[in-house]
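Report on one structure; see the data block that follows.
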Amino acid sequence: MTQPELHRRVRGGTDEDRAPIRADLLMAALAVLLFATAAVVGTRIQNAHGVLYVAWPPLYASWLPHVGPGTIPALALAAVVILQGPAVTRALPWRALLWSVWGASVLWITALALVDGLRRGITDRLLSPHEYLSSVDRFQDVGAALSTFTRHILVGQPDNWPTHVAGHPPGAVLTFVALDRIGLGGGTWAGIWCIVVGASASAAILVAMRALGAEEAARRAAPFLVLVPAAVWVGVSADGYFAAVTAWGLALLAVAASPGGRAPRSTALASGVLLGWSVYLSYGLVLIGVLAVAVLLCARNARALPYALVGALAVAAAFTAAGFWWWEGYRLLVERYYQGVAAVRPYGYWVWANLATVCVTAGTAAVVGARRTLARVPDAVRGLRHGPARETTTVALLVAAALCAIAAATLSGMSKGETERIWLPFVLWVVPAAALLPARHARVWLAVQAATALLVNHLLLTGW
């Protein structure tokens, strides 16, 4: 398909493109039905047996209709992006676009968080006794804490770590230790860190797409990345920060592998460091390797791979030398996982209800776009044999890889609930699928995205 043909198709200017619109609406209806089913079935299970450990399944949230200081700013920003976003993202110079998307994402995430108020929405989110900040004081001697880290993972061991510290490699808590050491301790600074860094994930995804030959698709996806409903959770959980680290790692890998990439070796090395660091932020981020493979397939070369591996191995070597062995930590995590609520949370519910959560976090537009994207995967794979990745090939492979990672995560049984935050590093890569929606319907789908986020944040009090 030539670029003009792609442009006409995305604009909805051919009979061939008008026909799938009914399928888009059907897909949207199925996404709503899936979430509604998960909510009804989950509520019945929770009321009857109390084994889901969420108050408003499938989300970790409570029913609490409310407004707050962020309500008006969130509505105003949503209106601006819906009305002007598609035109502005087409016209802006590339660097200005990246800064604008990052800035708009910061504003959107902050406004949504402030719907709950400054203290409840930002300051107190990471001050829970289950969170990382509660363990910062135990890292006065970082070397000693790392060398004995695995001794405190299991429940029943002396001074066992709080839930989130025990459930992640030490890179997660070390981030907040470092912030504390430079004078940015406490819940407010931790919240600001997650908002500002987490918001940059949208810009990183655009960088990766452009490096892989999909600048037009990146520009069309930009407004959807800003108004993504996942923003509700990006700014109030460390997983938003994790998502940004992985996104920039993949973006640098794409740049290093692209034909015109500057300093490809150094860039690939930096990519490996970030991707290696991500695996020490969350055990589940080993699945980001699926997306890394997709990036190299789109680039149609593996020249960046050796240098990226060196960077990742350097991170692993540093943690191992400090006394933390990743595999030992993971083995103990699995045991700790089933010492908690995961032992009673039913796999038969969460294995599909997790996917209902994705329909909310990625947004209906992304889910509908994913239908169009997956239909193009076979052609995309065949097209890789004949030349550089085209716009649709890049979008198709990246989105398909993200969906594969999500499928693996839910089938593993290690993601029973709370995936609205845990899967942020994967869900954000589904959003570019919205680039394949007809441009003349972009404002409608953007409005649906924004409405989803606004409804969630105003009707529910989310746990993260």
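Residues are named by chain letter and number: chains run A, B, ... in the order of the structure tokens, numbers start at 1 in each chain, and ligands are numbered from 1 in the order shown.
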Do you know which residues are at most 7 Å from Gly369 of chain A counting only C-alpha atoms, after dropping those on the same chain fewer than 2 positions away, and could you put them as a list in words? Ala365, Ala366, Val367, Arg371, Arg372, Thr373, Ala433, Ala434, Leu436 and Leu437 of chain A
Mind checking which residues fall within 12 Å of Val80 of chain A, counting only C-alpha atoms, ignoring those fewer than 3 positions away in the same chain, and posting them as an MDAnalysis selection string? chainID A and resid 73:77 83:88 104 108 223 226:227 443 446:447 450
Here is a test: counting only C-alpha atoms, which residue of A:Trp423, A:Val273, A:Glu328, A:Pro229 is nearest to Ala451 of chain A? A:Pro229
Counting only C-alpha atoms, give me one row per residue of segment 176-273 of chain A with an atom at most 10 Å from an atom of segment 150-171 of chain A, showing the shortest contact pair and its distance in Å to one decimal, sorted by chain then residue number, as a Markdown table.
| residue | atom | partner | partner_atom | distance |
| --- | --- | --- | --- | --- |
| A:Phe176 | CA | A:Gly171 | CA | 9.2 |
| A:Val177 | CA | A:Gly171 | CA | 9.7 |
| A:Ala238 | CA | A:His164 | CA | 9.9 |
Judged by only C-alpha atoms, the minimum distance to Val41 of chain A among A:Gly348, A:Pro129, A:Ala199, A:Val431 is found for A:Gly348
Could you find all residues in segment 185-345 of chain A that DSSP calls helix (DSSP H, G or I) from the backbone, and write them as a PyMOL selection string? chain A and resi 187-211+215-226+231-234+238-257+264-279+283-299+305-321+326-337+341-343
